[in-house]
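Below: the structure, in structure tokens.
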Amino acid sequence: SQQGEEDPQALSIQEGENATMNCSYKTSINNLQWYRQNSGRGLVHLILIRSNEREKHSGRLRVTLDTSKKSSSLLITASRAADTASYFCATVPYNTDKLIFGTGTRLQVFP
Amino acid sequence: DTGVSQDPRHKITKRGQNVTFRCDPISEHNRLYWYRQTLGQGPEFLTYFQNEAQLEKSRLLSDRFSAERPKGSFSTLEIQRTEQGDSAMYLCASSSRGPDTQYFGPGTRLTVL
């Protein structure tokens, strides 16, 4: 079963606005990763943050991790229509290599 | 293209038939993973290999499912006596070391009629 829950389930914004997605998980982790999935396609890795890191940036992406609250957030700044996709957080629980995915956030960016 | 490839991309079968999917990982990656994704949900872990050894299997992987990676390169996932509930996207991923970034293939979409 899935470990994480994401909030919101769906998000609609205008181009140029920022989009924030939140993820909560249940167990101790080695790292947390965010993936993007366009409709009916495979998953694209966006960013990985390790359990001893608190914040990480990559281009227009900013990820935070709070291990005490077992939560993470993904911020996409200056969104574009091409950012329209589903976004999933995935944790790697301690002592395992597998990814445990959340339920996903469907982001719609209107031009 | 040096990414993860999966074959076939789509498979339609009748209930009770057997199906086999293939995954070719990125060539230098020794870890290979299978996930299943149903509509509107996140992917769920099925099993993974380090080289040819199958190291972990999910409880989701019933005895109708079997996966192999005989030479530590490509992998196959077989489903015997398919059921309508097996309809899903089957995703394969690989990584060079765990736990680390996994690179996903395009998936095989299975429809069981």
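Lettering and numbering for the structure tokens are positional, with chains as A, B, ... in the shown order, residues counted from 1 in each chain, and ligands counted from 1 in the shown order.
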Show me which bits of chain B are within 6 Å of chain A, counting only C-alpha atoms, as a ChimeraX atom specification. /B:41-42,98-99,104-107
Find the residue from B:Gln54, B:Ala88, B:Arg109, B:Gln17 that sits nearest to Arg31 of chain B; use only C-alpha atoms when measuring. B:Gln54
Which residues, written as a list in words, have at least one atom at most 7 Å from Leu74 of chain A, with only C-alpha atoms counted and residues fewer than 6 positions away on the same chain left out? Thr20, Met21, Asn22, Leu61, Arg62, Val63 and Thr64 of chain A
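Residues surrounding Gln80 of chain B within 9 Å are Gly16, Gln17, Asn18, Val19, Thr20, Asp63, Arg64, Phe65 and Ser66 of chain B [only C-alpha atoms; sequence separation below 4 positions excluded].
Nearest residue to Gly16 of chain A among A:Pro111, A:Ala78, A:Ser51, A:Asp83 is A:Ala78, counting only C-alpha atoms.
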